[in-house]
Amino acid sequence: MEEKNTNATKRRNPVTWVPSVYFAMGLPFVVLNMVTVLMFKGLDISDAQIALWTSVIMLPWTLKPLWSPFLEMYRTKKFFVVLTQLLSGCLFGLVALALNLPSFFALSIALLGIIALSGATHDVATDGVYMKELSPENQAKYIGWQGAFYNLAKIVATGGLVYLAGYMMQYFTGIGLEKEAMIYAWMIVMLLCGTIMILLGFYHMKMLPSGGKAATGEHSLKESMAELWLVFKEFFTKKYIVWYICFIILYRFAEGFVIKIVPLFLKAPIADQGLGLTEQEIGLYYGTFGAAAFVLGSLLGGYYISAKGLRKVLFTLCCCFNIPFLIYTFLACFQPDNGLIIASAIVFEYFGYGFGFVGLMLFMMQQVAPGKHQMAHYAFASGIMNLGVMLPGMMSGFVSDWLGYKYFFIVTLLAMIPSFLVAYFVPFTYDDKGNKLV
């Protein structure tokens with residue numbers, strides 16, 4: 001799994017590995033966070049159970065700081081990237097097999113939880129390669145590429161794979177397999193996810209830079225735990241750390257409520273306050289058009305930050321990220337049946353989401369992470385970020401069942417207000433060149 005010619009890998013153009021490795025980062029996350037929501041909905045699991053358990057399995061992305069320091073101590077970051085890609089691919093294959101078993105929901109959740117553990121480890125190692133191999137200037141330059149291809153996985157997963165599931169359902173129904181159509185369709189989707197991850201693992205064996213050698217060599221368990229404590233201590237004694245934790249949690253707080261419910265809302269019948277879309281329509285509008293708008297927004301957001309500087313535009317980016325969630329309140333209140341209106345609304349929301357999302361990622365990378373344990377501290381920050389999304393996501397299914405989709409989306413607008421306040425007042429530790437401010 002290691003590349004012997006370290007100098008050659010360091011000289012590689014980031015375009016040859018940044019897009020592919022962040023696509024590999026995004027695919028498991030998107031499948032677990034979004035695609036499985038539609039899969040379990042089609043397999044007759046309740047909204048509350050779907051929102052709860054598809055949020056719980058995301059816990060490793062919050063807890064990854066606990067093992068991120070160990071990735072600094074052993075092997076190279078590339079080793080962990082490739083290993084977790086291959087492991088996730090094999091596990092997706094097992095999920096496909098589990099769907100045809102009587103206790104498929106419990107088995108699938110267990111396997112998806114292991115994929116989440118693998119995916120979270122992959123994230124830590126990948127971000128470590130990115131920060132080690134690229135200068136602060138190049139980090140800002142390629143942050144748009146990073147965000148774009150991370151979320152290109154949304155086009156493949158929530159667009160292509162969901163559309164494929166709908167198509168395969170029609171196909172199996174057409175050949176007389178009505179009862180098995182839903183299961184067989186999603187089995188094919190899970191197998192395809194696994195194949196993609198395994199192919200990416202083999203590609204990165206060759207193309208991915210090492211991300212540097214292990215920082216501290218071989219350690220005993222006692223030394224490793226002492227190092228972990230030191231890393232935690234350094235993180236929580238950083239200047240403005242309370243500000244930064246509040247900012248990271250609240251920036252995506254409104255999204256945490258919305259993200260699990262939107263696919264369920266799009267699929268739910270009109271009589272149940274939904275829009276009554278098919279899997280193919282959801283794959284096209286939400287997964288393809290919407291995700292493409294996200295990619296465009298991410299690219300433009302990255303170049304916008306590079307041109308203006310993050311400090312000047314952070315509040316604007318926060319507004320671009322959160323305000324478009326109003327669109328789902330509009331859709332829930334008026335329940336339009338025109339596909340163009342629905343697709344346009346989703347595209348608008350996703351463009352703003354992508355444009356603003358890169359601001360949070362770069363803030364964590366350049367304001368929170370810098371220091372001796374950069375990779376681990378970035379993992380702490382991203383773990384805290386995912387906690388801010390996971391907790392409201394766990395509650396969202398119960399709240400939407402209680403209020404109905406219309407009033408649920410109205411109430412979630414209140415969750416935007418704290419994000420605007422922290423984005424406006426949050427202090428900076430470093431300037432846009434990476435120099436520490438007085």
# chains A, B, ... in the order shown; residues from 1 in each chain; ligands from 1

$ residues_around --residues "stretch 362-367 of chain A" --least-positions-apart "2" --cutoff "8 Å" --atoms "only C-alpha atoms" --output "PDB file with N, CA and C atoms, in the first residue's frame"
ATOM      1  N   PRO A 136      -0.451  26.410   2.770  1.00  0.00           N
ATOM      2  CA  PRO A 136      -1.697  27.124   3.066  1.00  0.00           C
ATOM      3  C   PRO A 136      -2.325  27.770   1.832  1.00  0.00           C
ATOM      4  N   ALA A 140      -6.052  26.660   0.202  1.00  0.00           N
ATOM      5  CA  ALA A 140      -7.159  27.541  -0.173  1.00  0.00           C
ATOM      6  C   ALA A 140      -7.539  27.354  -1.637  1.00  0.00           C
ATOM      7  N   ILE A 143      -9.330  23.918  -1.958  1.00  0.00           N
ATOM      8  CA  ILE A 143     -10.458  23.640  -1.068  1.00  0.00           C
ATOM      9  C   ILE A 143     -11.741  23.503  -1.872  1.00  0.00           C
ATOM     10  N   ILE A 248     -18.401  25.954  15.162  1.00  0.00           N
ATOM     11  CA  ILE A 248     -18.434  24.711  14.387  1.00  0.00           C
ATOM     12  C   ILE A 248     -19.774  23.991  14.563  1.00  0.00           C
ATOM     13  N   LEU A 310     -10.786  34.631   3.753  1.00  0.00           N
ATOM     14  CA  LEU A 310     -11.866  34.048   4.545  1.00  0.00           C
ATOM     15  C   LEU A 310     -12.401  35.015   5.593  1.00  0.00           C
ATOM     16  N   VAL A 358     -17.799  25.469   2.039  1.00  0.00           N
ATOM     17  CA  VAL A 358     -16.337  25.525   1.984  1.00  0.00           C
ATOM     18  C   VAL A 358     -15.772  26.504   3.007  1.00  0.00           C
ATOM     19  N   GLY A 359     -16.563  27.500   3.401  1.00  0.00           N
ATOM     20  CA  GLY A 359     -16.103  28.443   4.408  1.00  0.00           C
ATOM     21  C   GLY A 359     -15.855  27.771   5.746  1.00  0.00           C
ATOM     22  N   LEU A 360     -16.754  26.897   6.145  1.00  0.00           N
ATOM     23  CA  LEU A 360     -16.584  26.170   7.400  1.00  0.00           C
ATOM     24  C   LEU A 360     -15.379  25.241   7.342  1.00  0.00           C
ATOM     25  N   ALA A 369      -7.038  23.947  13.242  1.00  0.00           N
ATOM     26  CA  ALA A 369      -6.104  22.821  13.136  1.00  0.00           C
ATOM     27  C   ALA A 369      -4.626  23.161  13.316  1.00  0.00           C
ATOM     28  N   PRO A 370      -4.127  24.341  12.913  1.00  0.00           N
ATOM     29  CA  PRO A 370      -2.680  24.563  12.902  1.00  0.00           C
ATOM     30  C   PRO A 370      -1.998  24.266  14.238  1.00  0.00           C
ATOM     31  N   TYR A 378      -7.592  18.855  13.425  1.00  0.00           N
ATOM     32  CA  TYR A 378      -8.615  19.007  12.393  1.00  0.00           C
ATOM     33  C   TYR A 378      -9.680  17.923  12.560  1.00  0.00           C
ATOM     34  N   ALA A 381     -12.025  18.969  15.249  1.00  0.00           N
ATOM     35  CA  ALA A 381     -12.950  19.992  14.764  1.00  0.00           C
ATOM     36  C   ALA A 381     -14.052  19.389  13.899  1.00  0.00           C
ATOM     37  N   SER A 382     -13.677  18.512  12.980  1.00  0.00           N
ATOM     38  CA  SER A 382     -14.684  17.915  12.105  1.00  0.00           C
ATOM     39  C   SER A 382     -15.589  16.961  12.884  1.00  0.00           C
ATOM     40  N   PHE A 428     -10.486  35.502  14.782  1.00  0.00           N
ATOM     41  CA  PHE A 428      -9.511  34.739  13.991  1.00  0.00           C
ATOM     42  C   PHE A 428      -8.171  34.709  14.726  1.00  0.00           C
ATOM     43  N   THR A 429      -7.479  33.574  14.640  1.00  0.00           N
ATOM     44  CA  THR A 429      -6.144  33.419  15.222  1.00  0.00           C
ATOM     45  C   THR A 429      -5.053  33.645  14.184  1.00  0.00           C
ATOM     46  N   TYR A 430      -5.326  33.280  12.918  1.00  0.00           N
ATOM     47  CA  TYR A 430      -4.335  33.371  11.842  1.00  0.00           C
ATOM     48  C   TYR A 430      -4.903  34.183  10.685  1.00  0.00           C
ATOM     49  N   GLY A 434      -1.572  32.266   6.845  1.00  0.00           N
ATOM     50  CA  GLY A 434      -1.154  31.311   7.865  1.00  0.00           C
ATOM     51  C   GLY A 434      -0.309  31.927   8.960  1.00  0.00           C
TER      52      GLY A 434
END

$ residues_around --residues "A:Val31" --least-positions-apart "6" --cutoff "12 Å" --atoms "only C-alpha atoms" --output "PyMOL selection string"
chain A and resi 24-25+37-40+54+57-58+88+92+95+112+115-116+119+151+153-162+186+189-190+192-194+197+287

$ atom_distance --atom1 "atom CA of A:Met169" --atom2 "atom CA of A:Leu43"
12.1 Å

$ residues_around --residues "A:Glu234" --least-positions-apart "6" --cutoff "10 Å" --atoms "only C-alpha atoms" --output "VMD selection string"
chain A and resid 228 371 to 373 377

$ write_last_selection --atoms "C-alpha atoms" --output "compact mmCIF listing (two decimals), in the first residue's frame"
# COMPACT_ATOMS: atom_id res chain seq x y z
CA LEU A 228 -3.45 11.33 23.13
CA GLY A 371 -0.04 23.33 15.32
CA LYS A 372 2.11 20.30 16.04
CA HIS A 373 -0.84 17.87 15.83
CA HIS A 377 -6.86 18.75 15.75

$ closest_residue --among "A:Ala376, A:Leu97, A:Leu250, A:Leu340" --to "A:Val129" --atoms "only C-alpha atoms"
A:Ala376

$ residues_around --residues "stretch 198-208 of chain A" --least-positions-apart "2" --cutoff "8 Å" --atoms "only C-alpha atoms" --output "ChimeraX atom specification"
/A:1-3,9,16-17,20-21,24,78,81-83,85-90,194-196,210

$ closest_residue --among "A:Val313, A:Thr126, A:Trp145, A:Met390" --to "A:Pro19" --atoms "only C-alpha atoms"
A:Trp145

$ atom_distance --atom1 "atom CA of A:Phe23" --atom2 "atom CA of A:Gly290"
16.7 Å
